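Next up, input_12.txt (compact mmCIF, C-alpha atoms):
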```
# COMPACT_ATOMS: atom_id res chain seq x y z
CA MET A 14 60.71 75.69 92.34
CA ASP A 15 62.31 77.52 89.43
CA GLU A 16 60.88 81.03 89.16
CA SER A 17 62.06 81.45 85.57
CA LEU A 18 59.47 78.93 84.41
CA GLU A 19 56.64 81.09 85.73
CA LEU A 20 57.73 84.30 83.96
CA PRO A 21 56.12 84.78 80.53
CA ASN A 22 58.33 85.27 77.49
CA ALA A 23 57.90 85.59 73.73
CA HIS A 24 60.02 82.60 72.81
CA ALA A 25 58.00 79.61 71.57
CA LYS A 26 59.22 76.13 72.16
CA PRO A 27 60.06 74.15 69.03
CA ILE A 28 57.58 71.42 68.15
CA ALA A 29 58.63 68.17 66.61
CA ASP A 30 57.37 67.27 63.12
CA GLY A 31 55.47 64.22 64.31
CA ALA A 32 53.76 66.12 67.11
CA GLN A 33 52.79 68.93 64.73
CA GLU A 34 51.12 66.48 62.33
CA ASP A 35 49.25 64.87 65.23
CA ASN A 36 48.00 68.27 66.42
CA GLU A 37 46.79 69.26 62.94
CA GLN A 38 45.03 65.92 62.49
CA SER A 39 43.35 66.19 65.92
CA SER A 40 42.22 69.77 65.23
CA ASP A 41 40.83 68.72 61.86
CA GLU A 42 38.86 65.91 63.47
CA GLU A 43 37.48 68.23 66.15
CA ASP A 44 36.46 70.96 63.69
CA GLY A 45 35.03 68.89 60.88
CA GLY A 46 34.01 65.72 62.68
CA PRO A 47 34.72 62.19 61.48
CA ASP A 48 35.43 61.70 57.78
CA TRP A 49 32.64 59.35 56.67
CA THR A 50 34.00 59.18 53.14
CA LYS A 51 36.79 56.88 54.28
CA LEU A 52 34.18 54.18 54.94
CA LEU A 53 33.19 54.12 51.27
CA PRO A 54 35.05 52.21 48.56
CA ALA A 55 37.73 54.12 46.71
CA THR A 56 35.59 54.30 43.54
CA LEU A 57 32.62 55.86 45.38
CA ARG A 58 34.52 58.44 47.41
CA PRO A 59 33.68 62.01 46.35
CA VAL A 60 36.48 64.40 45.54
CA ILE A 61 36.63 66.83 48.46
CA PRO A 62 38.88 69.88 48.05
CA LYS A 63 41.54 70.56 50.60
CA ARG A 64 40.70 72.66 53.58
CA GLY A 65 41.61 76.30 53.28
CA GLU A 66 40.22 79.77 53.60
CA LYS A 67 36.63 80.52 52.69
CA GLU A 68 36.20 81.33 49.03
CA TYR A 69 34.29 84.58 49.54
CA GLU A 70 36.10 85.59 52.71
CA PRO A 71 37.51 89.14 52.39
CA ARG A 72 41.27 89.40 52.55
CA MET A 73 43.52 92.21 53.57
CA ALA A 74 45.25 92.26 50.18
CA GLY A 75 41.99 92.22 48.24
CA GLY A 76 41.98 88.56 47.19
CA SER A 77 43.13 86.85 44.04
CA ASN A 78 41.74 87.44 40.57
CA LEU A 79 40.28 83.92 40.53
CA GLN A 80 38.18 84.55 43.62
CA VAL A 81 36.96 87.88 42.26
CA HIS A 82 36.01 86.20 38.98
CA VAL A 83 34.08 83.40 40.73
CA LEU A 84 32.28 85.91 42.96
CA GLU A 85 31.27 88.12 40.05
CA ARG A 86 30.08 85.12 38.06
CA SER A 87 27.87 83.98 40.97
CA ARG A 88 26.40 87.45 41.35
CA ALA A 89 25.67 87.69 37.65
CA ALA A 90 23.91 84.30 37.72
CA MET A 91 21.78 85.43 40.66
CA PHE A 92 20.78 88.65 38.91
CA GLU A 93 19.97 86.84 35.68
CA THR A 94 17.74 84.42 37.59
CA LEU A 95 15.87 87.24 39.28
CA LYS A 96 15.45 89.13 35.98
CA ALA A 97 13.99 86.09 34.24
CA THR A 98 10.45 86.60 32.94
CA ARG A 99 7.81 84.61 34.78
CA THR A 100 5.70 82.63 32.36
CA THR A 101 2.18 81.37 33.04
CA SER A 102 -0.12 79.33 30.87
CA SER A 103 -3.04 81.28 29.43
CA LYS A 104 -5.37 78.44 30.43
CA VAL A 105 -5.14 79.33 34.13
CA ILE A 106 -5.14 83.15 33.95
CA SER A 107 -8.28 84.92 35.13
CA TYR A 108 -9.27 88.52 34.53
CA GLY A 109 -10.81 90.97 36.96
CA VAL A 110 -11.70 94.64 37.43
CA TRP A 111 -10.97 96.50 40.68
CA HIS A 112 -13.81 98.73 41.91
CA PRO A 113 -12.39 101.20 44.47
CA ASP A 114 -15.83 102.36 45.61
CA LEU A 115 -16.87 98.78 46.45
CA SER A 116 -13.43 97.51 47.58
CA ARG A 117 -14.04 94.42 45.46
CA VAL A 118 -12.56 92.80 42.36
CA GLU A 119 -15.14 91.68 39.81
CA VAL A 120 -14.04 88.50 38.05
CA THR A 121 -14.87 88.85 34.36
CA VAL A 122 -13.06 85.73 33.09
CA MET A 123 -12.75 82.77 35.48
CA LYS A 124 -10.12 80.10 34.80
CA GLY A 125 -8.07 77.69 36.86
CA ILE A 126 -8.76 75.82 40.07
CA HIS A 127 -7.97 78.60 42.54
CA LEU A 128 -11.42 80.17 42.30
CA SER A 129 -13.10 76.97 43.50
CA SER A 130 -12.50 78.08 47.10
CA ILE A 131 -11.98 81.82 46.61
CA GLY A 132 -14.58 84.50 46.03
CA HIS A 133 -18.31 84.82 46.60
CA SER A 134 -21.34 85.52 44.45
CA THR A 135 -23.03 88.91 44.90
CA PRO A 136 -26.08 90.36 43.09
CA ARG A 137 -25.36 93.75 41.54
CA SER A 138 -27.50 96.08 39.47
CA THR A 139 -26.26 96.43 35.91
CA VAL A 140 -27.47 98.39 32.89
CA ASP A 141 -27.54 96.63 29.54
CA GLU A 142 -27.09 98.17 26.10
CA ASP A 143 -30.76 99.18 25.90
CA GLY A 144 -30.51 101.13 29.16
CA VAL A 145 -32.59 98.67 31.17
CA GLU A 146 -31.42 98.09 34.73
CA HIS A 147 -31.59 94.57 36.11
CA ILE A 148 -30.03 92.51 38.88
CA GLN A 149 -27.24 90.12 37.90
CA LYS A 150 -25.04 87.92 40.06
CA ARG A 151 -21.29 88.12 39.62
CA LEU A 152 -18.21 86.67 41.28
CA GLU A 153 -16.35 89.12 43.50
CA LEU A 154 -13.09 88.85 45.42
CA LEU A 155 -12.05 90.41 48.69
CA PRO A 156 -8.83 92.47 48.73
CA GLU A 157 -6.67 89.67 50.19
CA GLU A 158 -8.01 87.17 47.67
CA ALA A 159 -7.31 89.51 44.75
CA ILE A 160 -3.75 90.36 45.89
CA TYR A 161 -2.99 86.68 46.38
CA LEU A 162 -4.04 85.79 42.82
CA ILE A 163 -2.30 88.83 41.31
CA GLU A 164 0.93 88.14 43.18
CA ARG A 165 1.12 84.51 42.10
CA GLY A 166 0.49 85.47 38.45
CA THR A 167 -2.88 83.79 37.94
CA MET A 168 -4.95 86.97 37.49
CA PHE A 169 -4.68 90.12 35.40
CA CYS A 170 -6.44 92.97 37.15
CA TRP A 171 -7.65 96.28 35.73
CA LYS A 172 -8.73 99.34 37.67
CA GLU A 173 -12.15 100.72 36.91
CA SER A 174 -11.81 103.89 34.86
CA ASP A 175 -13.48 105.86 32.09
CA ILE A 176 -10.59 104.93 29.79
CA ARG A 177 -11.28 101.67 28.01
CA LEU A 178 -8.48 99.55 26.57
CA GLU A 179 -9.21 96.57 24.34
CA GLY A 180 -12.82 96.49 25.48
CA LEU A 181 -11.94 96.35 29.20
CA GLY A 182 -13.32 99.05 31.45
CA GLY A 183 -10.11 100.15 33.13
CA VAL A 184 -6.34 100.41 33.07
CA PRO A 185 -3.92 97.58 33.94
CA MET A 186 -2.71 97.34 37.55
CA THR A 187 0.72 96.22 38.68
CA VAL A 188 1.42 94.19 41.79
CA GLN A 189 2.75 97.30 43.57
CA GLN A 190 -0.40 99.24 42.70
CA ALA A 191 -2.59 96.38 43.93
CA TYR A 192 -0.75 96.40 47.27
CA SER A 193 -1.02 100.17 47.68
CA GLU A 194 -4.72 100.36 46.81
CA MET A 195 -6.12 97.15 48.33
CA ILE A 196 -4.29 97.09 51.65
CA ALA A 197 -6.23 98.88 54.42
CA LYS A 198 -9.54 98.10 52.69
CA GLU A 199 -12.25 96.08 54.49
CA GLY A 200 -10.13 95.82 57.64
CA LEU A 201 -7.18 94.23 55.79
CA THR A 202 -3.67 94.95 57.04
CA LEU A 203 -0.32 93.84 55.71
CA GLU A 204 0.05 91.35 58.58
CA LYS A 205 -3.34 89.80 57.87
CA PHE A 206 -2.53 89.41 54.19
CA GLN A 207 0.81 87.77 54.98
CA VAL A 208 -0.95 85.22 57.19
CA TYR A 209 -3.59 84.63 54.50
CA SER A 210 -1.00 84.15 51.76
CA TYR A 211 1.12 81.83 53.91
CA LEU A 212 -1.81 79.57 54.79
CA LYS A 213 -3.10 79.49 51.21
CA ARG A 214 0.29 78.36 49.94
CA LEU A 215 0.18 75.50 52.45
CA GLY A 216 -3.13 74.31 50.96
CA TYR A 217 -5.59 75.54 53.59
CA VAL A 218 -8.91 77.18 52.78
CA VAL A 219 -9.16 80.58 54.46
CA THR A 220 -12.33 82.65 54.80
CA ARG A 221 -13.48 85.63 56.82
CA THR A 222 -15.09 85.01 60.20
CA ARG A 223 -17.20 88.15 60.12
CA PRO A 224 -18.97 88.55 56.77
CA PRO A 225 -18.16 91.92 55.15
CA ASN A 226 -21.66 92.11 53.65
CA GLU A 227 -24.94 90.24 53.76
CA HIS A 228 -24.12 88.21 50.63
CA TYR A 229 -20.89 86.73 51.96
CA PRO A 230 -21.36 83.04 52.90
CA VAL A 231 -21.29 82.43 56.64
CA ALA A 232 -19.81 79.26 58.10
CA ALA A 233 -22.23 76.77 59.59
CA PRO A 234 -22.60 77.00 63.37
CA PHE A 235 -20.79 74.53 65.55
CA PRO A 236 -22.85 71.55 66.73
CA ILE A 237 -24.17 72.03 70.24
CA GLN A 238 -23.28 69.19 72.56
CA THR A 239 -26.27 68.43 74.75
CA SER A 240 -26.40 65.73 77.39
CA HIS A 241 -29.67 63.75 77.39
CA THR A 242 -30.64 62.86 80.94
CA SER A 243 -33.79 61.36 82.33
CA ILE A 244 -36.48 63.22 84.26
CA PHE A 245 -35.57 61.33 87.44
CA SER A 246 -32.02 62.69 87.42
CA HIS A 247 -33.41 66.21 86.88
CA LEU A 248 -35.74 65.82 89.86
CA LYS A 249 -32.96 64.40 92.00
CA SER A 250 -30.59 67.27 91.26
CA LEU A 251 -33.36 69.82 91.79
CA ILE A 252 -34.31 68.36 95.18
CA GLY A 253 -30.65 68.22 96.20
CA ARG A 254 -30.10 71.89 95.35
CA LEU A 255 -33.26 72.94 97.23
CA ALA A 256 -32.24 70.93 100.29
CA ALA A 257 -28.74 72.37 100.26
CA ASN A 258 -30.06 75.94 100.03
CA LEU A 259 -32.51 75.28 102.85
CA CYS A 260 -29.76 73.92 105.07
CA ARG A 261 -27.61 76.98 104.41
CA LEU A 262 -30.46 79.21 105.53
CA LEU A 263 -31.37 77.26 108.67
CA ASN A 264 -27.93 76.21 109.89
CA ARG A 265 -25.01 78.46 110.52
CA PHE A 266 -22.16 77.51 108.24
CA ASN A 267 -18.99 76.39 110.00
CA TRP A 268 -15.87 76.54 107.82
CA TRP A 269 -14.14 73.94 109.99
CA ARG A 270 -16.99 71.44 109.71
CA PRO A 271 -18.36 71.76 106.17
CA LEU A 272 -19.42 68.11 105.99
CA ARG A 273 -22.31 68.61 108.41
CA ILE A 274 -24.50 70.08 105.66
CA ASN A 275 -23.69 67.28 103.28
CA GLY A 276 -24.38 64.62 105.91
CA PHE A 277 -27.70 66.15 106.93
CA CYS A 278 -29.12 66.97 103.52
CA LEU A 279 -27.46 64.70 100.98
CA SER A 280 -27.06 60.98 100.91
CA ASN A 281 -24.21 60.79 98.41
CA LYS A 282 -20.96 59.90 100.17
CA SER A 283 -18.60 59.62 97.20
CA TYR A 284 -15.17 61.21 97.13
CA GLY A 285 -16.32 63.78 94.59
CA SER A 286 -19.17 65.01 96.78
CA VAL A 287 -16.88 65.19 99.84
CA TYR A 288 -14.29 67.31 98.05
CA ARG A 289 -16.96 69.52 96.50
CA THR A 290 -18.40 70.16 99.97
CA MET A 291 -15.01 71.11 101.37
CA ARG A 292 -14.44 73.65 98.59
CA PHE A 293 -15.37 77.14 99.80
CA ILE A 294 -13.88 79.04 96.82
CA ARG A 295 -15.72 78.71 93.54
CA SER A 296 -13.67 77.36 90.66
CA GLY A 297 -14.13 76.81 86.96
CA HIS A 298 -14.47 79.02 83.92
CA SER A 299 -18.15 79.65 84.65
CA VAL A 300 -17.11 81.98 87.47
CA ALA A 301 -17.01 85.57 86.19
CA LEU A 302 -13.83 87.60 86.60
CA ASN A 303 -13.66 90.37 89.18
CA ASN A 304 -13.13 93.05 86.54
CA SER A 305 -15.44 91.43 84.00
CA SER A 306 -16.58 93.87 81.35
CA PRO A 307 -18.29 93.46 77.99
CA PRO A 308 -15.97 92.59 75.06
CA SER A 309 -14.36 95.71 73.62
CA SER A 310 -14.48 96.18 69.87
CA SER A 311 -11.17 98.09 70.01
CA SER A 312 -9.23 95.07 71.27
CA PRO A 313 -6.72 93.74 68.71
CA TYR A 314 -7.56 90.17 69.70
CA GLN A 315 -10.54 89.62 67.42
CA ILE A 316 -11.12 86.45 65.40
CA PHE A 317 -10.52 87.33 61.75
CA TYR A 318 -10.07 84.12 59.73
CA ASN A 319 -11.74 80.72 59.58
CA LEU A 320 -9.36 77.94 58.62
CA TYR A 321 -10.21 74.62 56.94
CA LYS A 322 -7.87 71.70 56.49
CA PRO A 323 -7.11 70.54 52.93
CA SER A 324 -8.87 67.25 53.68
CA THR A 325 -12.08 68.95 54.86
CA PRO A 326 -14.85 68.88 52.20
CA PHE A 327 -15.48 72.56 51.50
CA LYS A 328 -18.37 74.09 49.58
CA LYS A 329 -17.99 77.77 48.81
CA SER A 330 -21.70 78.59 48.90
CA ASN A 331 -22.29 76.65 52.14
CA PRO A 332 -19.06 76.37 54.16
CA PRO A 333 -18.98 73.86 57.03
CA PRO A 334 -17.90 74.72 60.59
CA PRO A 335 -14.22 75.75 60.58
CA ASP A 336 -11.48 73.50 61.84
CA PHE A 337 -9.58 76.42 63.40
CA GLN A 338 -10.14 80.11 64.04
CA ILE A 339 -7.24 82.55 63.87
CA VAL A 340 -6.49 85.93 65.42
CA VAL A 341 -3.86 88.05 63.62
CA VAL A 342 -1.87 90.68 65.55
CA ASN A 343 1.23 92.76 64.96
CA ALA A 344 3.95 91.53 67.31
CA ARG A 345 5.73 94.90 67.32
CA THR A 346 2.77 96.93 68.60
CA THR A 347 0.49 94.41 70.36
CA PRO A 348 1.29 93.10 73.87
CA MET A 349 0.43 89.67 75.21
CA PRO A 350 -3.32 89.03 75.63
CA THR A 351 -4.76 89.70 79.05
CA LEU A 352 -6.94 87.28 80.99
CA GLN A 353 -10.01 89.33 80.10
CA GLU A 354 -9.19 89.22 76.38
CA LEU A 355 -8.65 85.46 76.48
CA SER A 356 -11.93 85.02 78.34
CA ASP A 357 -13.73 87.07 75.69
CA LEU A 358 -12.23 84.89 72.95
CA PHE A 359 -13.14 81.65 74.67
CA GLY A 360 -16.65 82.96 75.31
CA VAL A 361 -17.52 82.78 71.59
CA LEU A 362 -15.78 79.49 70.86
CA PRO A 363 -17.42 76.05 71.01
CA GLU A 364 -16.32 73.21 73.24
CA LEU A 365 -14.08 70.62 71.61
CA PRO A 366 -14.80 66.89 71.92
CA LEU A 367 -12.64 64.91 74.30
CA PRO A 368 -9.57 63.30 72.72
CA LEU A 369 -9.98 59.60 72.18
CA PRO A 370 -7.34 57.24 73.60
CA ARG A 371 -4.82 55.67 71.30
CA GLN A 372 -5.91 52.39 69.79
CA LYS A 373 -3.63 49.49 70.61
CA ARG A 374 -3.09 47.06 67.80
CA PRO A 375 -3.70 43.47 68.94
CA ALA A 376 -1.02 40.89 68.39
CA ASN A 377 -1.32 38.18 65.73
CA ASN A 378 -1.78 35.46 68.34
CA ALA A 379 -4.60 37.35 70.01
CA GLN A 380 -6.34 37.77 66.66
CA GLU A 381 -6.07 34.06 65.89
CA GLN A 382 -7.44 33.15 69.33
CA SER A 383 -10.34 35.56 68.99
CA LYS A 384 -11.58 34.00 65.72
CA PRO A 385 -13.19 30.87 67.28
CA ASN A 386 -14.75 33.01 70.01
CA GLU A 387 -16.29 35.30 67.40
CA GLN A 388 -17.74 32.31 65.58
CA ALA A 389 -19.23 31.03 68.83
CA LYS A 390 -20.82 34.42 69.53
CA ALA A 391 -22.16 34.81 66.01
CA VAL A 392 -25.63 33.54 66.99
CA PRO A 393 -27.32 36.34 69.03
CA PRO A 394 -29.53 35.35 71.98
CA ALA A 395 -33.28 35.61 71.57
CA PRO A 396 -34.74 38.81 73.07
CA SER A 397 -36.79 38.25 76.20
CA SER A 398 -40.23 39.70 76.89
CA THR A 399 -38.89 42.12 79.52
CA THR A 400 -36.40 43.69 77.09
CA ALA A 401 -39.11 44.01 74.44
CA GLU A 402 -41.41 45.72 76.94
CA GLN A 403 -38.62 48.09 78.00
CA SER A 404 -37.82 48.98 74.39
CA PHE A 405 -41.52 49.69 73.72
CA LEU A 406 -41.79 51.96 76.75
CA ARG A 407 -38.51 53.63 75.81
CA ARG A 408 -39.89 54.49 72.38
CA LEU A 409 -43.10 55.89 73.89
CA PHE A 410 -41.45 57.87 76.70
CA PRO A 411 -37.81 58.55 75.71
CA TRP A 412 -37.54 61.45 78.18
CA ALA A 413 -38.22 59.18 81.17
CA PHE A 414 -35.30 56.81 80.53
CA PRO A 415 -31.57 57.51 80.63
CA THR A 416 -29.59 57.41 77.43
CA THR A 417 -27.98 54.25 76.14
CA LEU A 418 -24.56 55.88 76.52
CA GLN A 419 -24.68 55.17 80.23
CA ALA A 420 -25.33 51.47 79.69
CA THR A 421 -22.52 51.00 77.17
CA LYS A 422 -19.00 51.50 78.44
CA GLY A 423 -17.12 53.81 76.13
CA PRO A 424 -13.36 54.25 75.85
CA LYS A 425 -11.68 55.50 78.98
CA ILE A 426 -10.52 59.08 78.53
CA ASN A 427 -7.02 59.98 79.67
CA PRO A 428 -7.43 63.04 81.93
CA PHE A 429 -3.93 64.33 81.15
CA MET A 430 -4.62 64.33 77.41
CA ALA A 431 -7.95 66.09 78.02
CA LEU A 432 -6.24 68.75 80.14
CA LYS A 433 -3.53 69.21 77.53
CA SER A 434 -5.94 69.68 74.62
CA GLY A 435 -8.37 71.82 76.60
CA LYS A 436 -12.08 72.40 76.15
CA LYS A 437 -11.67 75.37 73.80
CA MET A 438 -8.82 76.44 71.54
CA ILE A 439 -7.81 79.59 69.68
CA ILE A 440 -4.77 80.22 67.45
CA ILE A 441 -3.04 83.60 67.50
CA ALA A 442 -0.78 84.51 64.58
CA ALA A 443 1.85 87.07 65.61
CA VAL A 444 3.56 88.76 62.66
CA ASP A 445 6.94 90.34 63.39
CA SER A 446 8.19 92.18 60.26
CA GLY A 447 7.09 89.34 57.97
CA ASN A 448 8.01 86.48 60.33
CA ILE A 449 4.83 84.62 61.26
CA SER A 450 4.55 82.66 64.52
CA PHE A 451 1.46 80.70 65.53
CA PHE A 452 0.55 80.30 69.20
CA LYS A 453 -2.14 77.98 70.53
CA PHE A 454 -4.12 79.00 73.62
CA SER A 455 -6.41 76.44 75.25
CA GLU A 456 -8.91 76.61 78.06
CA GLY A 457 -8.18 73.78 80.46
CA ALA A 458 -10.91 72.36 82.69
CA PHE A 459 -8.94 71.42 85.81
CA SER A 460 -12.01 71.57 88.03
CA GLU A 461 -13.73 68.85 85.99
CA TRP A 462 -10.89 66.34 86.32
CA PRO A 463 -10.19 65.79 90.05
CA MET A 464 -6.90 64.01 90.50
CA ALA A 465 -7.68 62.80 94.07
```
Can you turn what I pasted into structure tokens?
Amino acid sequence: MDESLELPNAHAKPIADGAQEDNEQSSDEEDGGPDWTKLLPATLRPVIPKRGEKEYEPRMAGGSNLQVHVLERSRAAMFETLKATRTTSSKVISYGVWHPDLSRVEVTVMKGIHLSSIGHSTPRSTVDEDGVEHIQKRLELLPEEAIYLIERGTMFCWKESDIRLEGLGGVPMTVQQAYSEMIAKEGLTLEKFQVYSYLKRLGYVVTRTRPPNEHYPVAAPFPIQTSHTSIFSHLKSLIGRLAANLCRLLNRFNWWRPLRINGFCLSNKSYGSVYRTMRFIRSGHSVALNNSSPPSSSSPYQIFYNLYKPSTPFKKSNPPPPDFQIVVVNARTTPMPTLQELSDLFGVLPELPLPLPRQKRPANNAQEQSKPNEQAKAVPPAPSSTTAEQSFLRRLFPWAFPTTLQATKGPKINPFMALKSGKKMIIIAAVDSGNISFFKFSEGAFSEWPMA
């Protein structure tokens, strides 16, 4: 083996012209990918400049005068765009007065469509020209609602003052002054306003979860899901619990033979009852934590906003139950929620309905074959005397009969979809220096869906 070939040197081997062109073409294809413009006709191919150095890339020599001219022209166009005056139609501009002592903005002139879901009516005592004091309702805005309208240019706001300009009781406020005076009022932080503004721009309706005063409209409570069972099932479950407790007192419990109690006291031999008998550690979210303590008011994980979808019919004076509830935290100063904090959040949330299975669209042939069967079943059978007697007794004593939901077979629920969606859900908005991230936390009911 020739040792001279292994020694490095500074002399490069000459490359043939054909090989150099092939290398350049292969490197171009690897860097830029396939040239799709070659598939188009010659008349439709766009004019692509030749590959070269980046236009705004700094050079050692300072660059050419042409590049400097193009760069300066682009900068000037950007500055001119930013300096352009924002224009708004006078038909959509509202007027308001900021009251620092109340931390509210009183809307004096209401225009536009934004106030259809923003603001609340509050009775305030006013004094007329004759000096008579009376109660009058007026539209007031919370700090985040006022900043949002001022920032988007749909409201002119004045600060309450003894100086009156053009008949308005105050002096004009800028956007910077509105930020400095309204932030940190009524529990509002910069992170909470950023989340509010972001969701409002997406079309959602956002309200406070905890009313700041007694006149603020409160969302309707969530519907309580109650299971209607007959009196016989109540008696059966009560007798079963009493028998099980009696057996635990009389017999000594053997961990290696837990089925003896079930076989002696209970007659149900299903798989669910067998596995429940073998379980000696309590499971489920109804079991209290070891370090369970009352919810702390100083915890940053508190529900602050109610969120409504754009498609949800919303009435400002009587808001419906919210579609989502949001917690806003500062990602720089707030750690991840603990198990106790999540349990406190889920303790005030309602249970969500089970997700329905996906509907399968029938084929055209199946629809055509089902038409004659539907025509044959169009004539309902005549009700018998026994069914009429049962319906009469059911109307007289509805508590003594099971519900009709047990007789009718509903859609089969997919347990994996139910575990994925969870029984309860909360959304946490983490704001990291203006970057908003939404995280969904769900409470899964694994003990209610046995996989065996």
Show me, as JSON lines, the residues of region 109-228 of chain A having an atom within 8 Å of region 434-456 of chain A, each with the closest atom pair and its distance in Å, using all atoms listed in the file.
```
{"residue": "A:Glu204", "atom": "CA", "partner": "A:Val444", "partner_atom": "CA", "distance": 6.0}
{"residue": "A:Gln207", "atom": "CA", "partner": "A:Gly447", "partner_atom": "CA", "distance": 7.1}
{"residue": "A:Val208", "atom": "CA", "partner": "A:Ile449", "partner_atom": "CA", "distance": 7.1}
```
Enumerate, as a PyMOL selection string, the protein, DNA and RNA residues whose atoms approach (-5.8, 96.3, 56.0) to within 12 Å, taking into account only C-alpha atoms and the coordinate frame of the file.
chain A and resi 116+155-157+160+192-207+209+317+341-343
Would you work out the distance separating CA of Asn331 (chain A) from CA of Leu367 (chain A), expressed in Å to one decimal?
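Going from CA of Asn331 (chain A) over to CA of Leu367 (chain A) covers 26.9 Å.
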For each of A:Ala89, A:Met168, A:Leu95, A:Leu248, take the minimum atom-to-atom distance to Thr121 (chain A), counting only C-alpha atoms, then give the residue where this is smallest.
A:Met168
CA of Lys213 (chain A) and CA of Ser129 (chain A) are how many Å apart?
12.9 Å
Calculate how many Å separate CA of Val219 (chain A) from CA of Ser130 (chain A), rounding to one decimal.
8.5 Å
Could you pull the residues within 12 Å of Ser312 (chain A), counting only C-alpha atoms, minus those fewer than 2 positions along the same chain, as an MDAnalysis selection string?
chainID A and resid 307:310 314:316 340:342 347:351 353:355 357:358
